[in-house]
file data_14.json (JSON, C-alpha atoms)
[["chain", "number", "residue", "atom", "x", "y", "z"],
["A", 1276, "MET", "CA", -30.25, -18.90, 17.97],
["A", 1277, "LYS", "CA", -29.97, -20.65, 14.61],
["A", 1278, "ARG", "CA", -29.27, -17.36, 12.89],
["A", 1279, "THR", "CA", -26.48, -16.48, 15.36],
["A", 1280, "LEU", "CA", -24.89, -19.92, 15.02],
["A", 1281, "CYS", "CA", -25.06, -19.71, 11.23],
["A", 1282, "LEU", "CA", -23.43, -16.27, 11.31],
["A", 1283, "LEU", "CA", -20.62, -17.53, 13.56],
["A", 1284, "VAL", "CA", -19.96, -20.49, 11.26],
["A", 1285, "MET", "CA", -19.86, -18.21, 8.22],
["A", 1286, "MET", "CA", -17.43, -15.85, 9.95],
["A", 1287, "ALA", "CA", -15.19, -18.79, 10.88],
["A", 1288, "LEU", "CA", -15.17, -19.94, 7.26],
["A", 1289, "VAL", "CA", -14.26, -16.46, 6.04],
["A", 1290, "PHE", "CA", -11.35, -16.19, 8.48],
["A", 1291, "ALA", "CA", -10.17, -19.67, 7.49],
["A", 1292, "ALA", "CA", -10.20, -18.67, 3.81],
["A", 1293, "VAL", "CA", -8.05, -15.53, 4.29],
["A", 1294, "PRO", "CA", -4.49, -16.24, 3.17],
["A", 1295, "THR", "CA", -1.81, -15.91, 5.81],
["A", 1296, "GLN", "CA", -0.05, -13.31, 3.65],
["A", 1297, "ALA", "CA", -2.81, -10.85, 4.59],
["A", 1298, "PHE", "CA", -1.33, -10.78, 8.08],
["A", 1299, "ALA", "CA", 2.23, -10.16, 6.87],
["A", 1300, "VAL", "CA", 4.59, -8.03, 8.91],
["A", 1301, "ASN", "CA", 5.12, -4.50, 7.69],
["A", 1302, "THR", "CA", 8.80, -4.23, 6.71],
["A", 1303, "ALA", "CA", 8.60, -0.56, 5.69],
["A", 1304, "THR", "CA", 11.23, 1.94, 6.68],
["A", 1305, "HIS", "CA", 10.51, 5.65, 6.59],
["A", 1306, "GLY", "CA", 13.05, 8.12, 5.31],
["A", 1307, "ASP", "CA", 13.35, 11.82, 5.95],
["A", 1308, "ILE", "CA", 11.10, 14.40, 4.32],
["A", 1309, "THR", "CA", 13.30, 16.43, 1.98],
["A", 1310, "GLY", "CA", 12.73, 18.62, -1.05],
["A", 1311, "LYS", "CA", 13.02, 15.57, -3.30],
["A", 1312, "THR", "CA", 10.40, 13.62, -1.34],
["A", 1313, "VAL", "CA", 8.00, 16.58, -1.31],
["A", 1314, "VAL", "CA", 8.23, 16.76, -5.10],
["A", 1315, "SER", "CA", 7.83, 12.99, -5.49],
["A", 1316, "GLY", "CA", 4.80, 13.00, -3.19],
["A", 1317, "LEU", "CA", 3.17, 15.81, -5.18],
["A", 1318, "VAL", "CA", 3.95, 14.08, -8.49],
["A", 1319, "SER", "CA", 2.35, 10.85, -7.25],
["A", 1320, "LEU", "CA", -0.66, 12.73, -5.96],
["A", 1321, "LEU", "CA", -1.27, 15.13, -8.82],
["A", 1322, "ILE", "CA", 0.20, 13.60, -11.99],
["A", 1323, "TRP", "CA", 0.40, 9.80, -11.75],
["A", 1324, "PRO", "CA", 0.77, 7.40, -8.82],
["A", 1325, "GLY", "CA", 4.00, 5.45, -8.91],
["A", 1326, "ILE", "CA", 6.17, 8.19, -10.38],
["A", 1327, "GLY", "CA", 7.03, 9.42, -6.90],
["A", 1328, "GLN", "CA", 8.05, 5.91, -5.85],
["A", 1329, "TYR", "CA", 10.26, 5.73, -8.94],
["A", 1330, "MET", "CA", 11.84, 9.06, -8.02],
["A", 1331, "ASN", "CA", 12.52, 7.71, -4.52],
["A", 1332, "ASP", "CA", 14.35, 4.68, -5.99],
["A", 1333, "ASN", "CA", 11.84, 2.06, -4.85],
["A", 1334, "GLN", "CA", 11.68, -1.45, -6.24],
["A", 1335, "THR", "CA", 10.12, -1.85, -9.70],
["A", 1336, "LYS", "CA", 7.30, -4.06, -8.41],
["A", 1337, "LYS", "CA", 6.34, -1.37, -5.89],
["A", 1338, "ASN", "CA", 6.36, 1.31, -8.61],
["A", 1339, "TRP", "CA", 4.01, -0.74, -10.77],
["A", 1340, "THR", "CA", 1.73, -1.56, -7.85],
["A", 1341, "HIS", "CA", 1.36, 2.12, -7.05],
["A", 1342, "ALA", "CA", 0.85, 3.00, -10.73],
["A", 1343, "ILE", "CA", -2.03, 0.54, -11.09],
["A", 1344, "ILE", "CA", -3.77, 0.61, -7.71],
["A", 1345, "GLY", "CA", -3.19, 4.35, -7.35],
["A", 1346, "LEU", "CA", -5.69, 5.04, -10.14],
["A", 1347, "PHE", "CA", -8.50, 4.58, -7.63],
["A", 1348, "PRO", "CA", -9.14, 7.77, -5.60],
["A", 1349, "PRO", "CA", -8.36, 6.65, -2.03],
["A", 1350, "PHE", "CA", -5.15, 4.92, -3.11],
["A", 1351, "ARG", "CA", -3.92, 8.02, -4.94],
["A", 1352, "LEU", "CA", -3.69, 9.73, -1.55],
["A", 1353, "TRP", "CA", -1.82, 6.71, -0.20],
["A", 1354, "SER", "CA", 0.64, 6.87, -3.08],
["A", 1355, "GLY", "CA", 1.24, 10.59, -2.53],
["A", 1356, "TRP", "CA", 1.82, 10.07, 1.20],
["A", 1357, "ASP", "CA", 4.12, 7.15, 0.50],
["A", 1358, "GLY", "CA", 6.19, 9.31, -1.84],
["A", 1359, "LEU", "CA", 6.31, 12.18, 0.65],
["A", 1360, "ILE", "CA", 7.68, 10.11, 3.53],
["A", 1361, "ASP", "CA", 10.03, 8.14, 1.25],
["A", 1362, "ARG", "CA", 8.76, 4.78, 2.51],
["A", 1363, "GLN", "CA", 10.95, 1.89, 1.35],
["A", 1364, "GLY", "CA", 9.60, -1.64, 1.40],
["A", 1365, "GLY", "CA", 6.19, -2.37, 2.86],
["A", 1366, "ARG", "CA", 3.83, -5.22, 3.47],
["A", 1367, "TRP", "CA", 4.36, -8.44, 1.58],
["A", 1368, "ASP", "CA", 8.06, -7.70, 1.29],
["A", 1369, "GLY", "CA", 7.81, -4.53, -0.75],
["A", 1370, "LYS", "CA", 4.94, -5.59, -3.03],
["A", 1371, "ILE", "CA", 2.80, -2.69, -1.86]]

call {"tool": "encode", "arguments": {"input": "data_14.json", "output": "structure tokens"}}
result
Amino acid sequence: MKRTLCLLVMMALVFAAVPTQAFAVNTATHGDITGKTVVSGLVSLLIWPGIGQYMNDNQTKKNWTHAIIGLFPPFRLWSGWDGLIDRQGGRWDGKI
């Protein structure tokens, strides 16, 4: 019983410490898949994350976010997909 109560208290503290920005509304809009977006998705996936977002005329802060976070393997796929579907904006008002 003590262990369960301690676990519940710790979980409550963790949820209280999470910033409210983590629950931000997704403001992303998806474009159409065209030849340009296919190329930008492939460039982000194969060459360097963030280049595809630059080709799709995204905000500079989004391009840099993709270029840095996209170096890690699972996020490289995310960056390629994001370039393919020409997603504008995103969570935290376009910061991702």

call {"tool": "atom_distance", "arguments": {"input": "data_14.json", "atom1": "atom CA of Asp1361 of chain A", "atom2": "atom CA of Ala1342 of chain A"}}
result
15.9 Å

call {"tool": "residues_near_point", "arguments": {"input": "data_14.json", "point": "(14.0, 12.6, -1.4)", "cutoff": "9 Å", "atoms": "only C-alpha atoms", "output": "ChimeraX atom specification"}}
result
/A:1306-1315,1330-1331,1358-1361

call {"tool": "atom_distance", "arguments": {"input": "data_14.json", "atom1": "atom CA of Gln1363 of chain A", "atom2": "atom CA of Ala1303 of chain A"}}
result
5.5 Å

call {"tool": "closest_residue", "arguments": {"input": "data_14.json", "among": "A:Val1289, A:Arg1362, A:Ile1344, A:Thr1302", "to": "Asp1332 of chain A", "atoms": "only C-alpha atoms"}}
result
A:Arg1362

call {"tool": "closest_residue", "arguments": {"input": "data_14.json", "among": "A:Pro1349, A:Met1285, A:Phe1290, A:Gly1364", "to": "Lys1336 of chain A", "atoms": "all atoms listed in the file"}}
result
A:Gly1364

call {"tool": "residues_around", "arguments": {"input": "data_14.json", "residues": "Gln1328 of chain A", "least_positions_apart": "5", "cutoff": "8 Å", "atoms": "only C-alpha atoms", "output": "ChimeraX atom specification"}}
result
/A:1315,1319,1333,1337-1338,1341,1354,1357-1358,1361

call {"tool": "atom_distance", "arguments": {"input": "data_14.json", "atom1": "atom CA of Phe1350 of chain A", "atom2": "atom CA of Leu1321 of chain A"}}
result
12.3 Å

call {"tool": "decode", "arguments": {"input": "data_14.json", "residues": "segment 1320-1370 of chain A", "atoms": "C-alpha atoms", "output": "mmCIF file, in the first residue's frame"}}
result
data_model
loop_
_atom_site.group_PDB
_atom_site.id
_atom_site.type_symbol
_atom_site.label_atom_id
_atom_site.label_comp_id
_atom_site.auth_asym_id
_atom_site.auth_seq_id
_atom_site.Cartn_x
_atom_site.Cartn_y
_atom_site.Cartn_z
ATOM 1 C CA LEU A 1320 15.331 11.937 -45.501
ATOM 2 C CA LEU A 1321 18.470 11.104 -47.443
ATOM 3 C CA ILE A 1322 20.733 14.163 -47.436
ATOM 4 C CA TRP A 1323 20.024 16.425 -44.449
ATOM 5 C CA PRO A 1324 16.905 17.066 -42.354
ATOM 6 C CA GLY A 1325 15.646 20.612 -42.642
ATOM 7 C CA ILE A 1326 16.546 21.146 -46.292
ATOM 8 C CA GLY A 1327 13.143 19.863 -47.354
ATOM 9 C CA GLN A 1328 11.424 22.277 -44.979
ATOM 10 C CA TYR A 1329 13.506 25.089 -46.471
ATOM 11 C CA MET A 1330 12.461 24.018 -49.970
ATOM 12 C CA ASN A 1331 8.812 24.082 -48.838
ATOM 13 C CA ASP A 1332 9.214 27.692 -47.613
ATOM 14 C CA ASN A 1333 8.741 26.949 -43.912
ATOM 15 C CA GLN A 1334 9.706 29.348 -41.148
ATOM 16 C CA THR A 1335 13.425 29.624 -40.351
ATOM 17 C CA LYS A 1336 12.972 28.360 -36.786
ATOM 18 C CA LYS A 1337 11.263 25.223 -38.105
ATOM 19 C CA ASN A 1338 14.081 24.639 -40.621
ATOM 20 C CA TRP A 1339 16.691 24.833 -37.872
ATOM 21 C CA THR A 1340 14.683 22.612 -35.540
ATOM 22 C CA HIS A 1341 14.479 19.931 -38.212
ATOM 23 C CA ALA A 1342 18.166 20.328 -39.077
ATOM 24 C CA ILE A 1343 19.245 19.740 -35.467
ATOM 25 C CA ILE A 1344 16.721 17.241 -34.116
ATOM 26 C CA GLY A 1345 16.598 15.385 -37.433
ATOM 27 C CA LEU A 1346 20.139 14.110 -36.902
ATOM 28 C CA PHE A 1347 18.741 11.420 -34.605
ATOM 29 C CA PRO A 1348 17.426 8.405 -36.575
ATOM 30 C CA PRO A 1349 13.713 8.392 -35.685
ATOM 31 C CA PHE A 1350 13.401 12.132 -36.259
ATOM 32 C CA ARG A 1351 15.015 11.894 -39.696
ATOM 33 C CA LEU A 1352 11.969 9.899 -40.800
ATOM 34 C CA TRP A 1353 9.719 12.556 -39.265
ATOM 35 C CA SER A 1354 11.552 15.278 -41.159
ATOM 36 C CA GLY A 1355 11.243 13.390 -44.452
ATOM 37 C CA TRP A 1356 7.516 12.823 -43.911
ATOM 38 C CA ASP A 1357 7.032 16.453 -42.946
ATOM 39 C CA GLY A 1358 8.720 17.552 -46.170
ATOM 40 C CA LEU A 1359 6.679 15.112 -48.262
ATOM 41 C CA ILE A 1360 3.295 16.322 -47.022
ATOM 42 C CA ASP A 1361 4.369 19.991 -47.054
ATOM 43 C CA ARG A 1362 3.278 20.552 -43.458
ATOM 44 C CA GLN A 1363 3.268 24.240 -42.516
ATOM 45 C CA GLY A 1364 3.309 25.266 -38.872
ATOM 46 C CA GLY A 1365 3.067 22.658 -36.144
ATOM 47 C CA ARG A 1366 3.016 22.340 -32.405
ATOM 48 C CA TRP A 1367 4.236 25.249 -30.340
ATOM 49 C CA ASP A 1368 3.291 27.660 -33.100
ATOM 50 C CA GLY A 1369 5.620 26.345 -35.767
ATOM 51 C CA LYS A 1370 8.634 25.629 -33.538
#
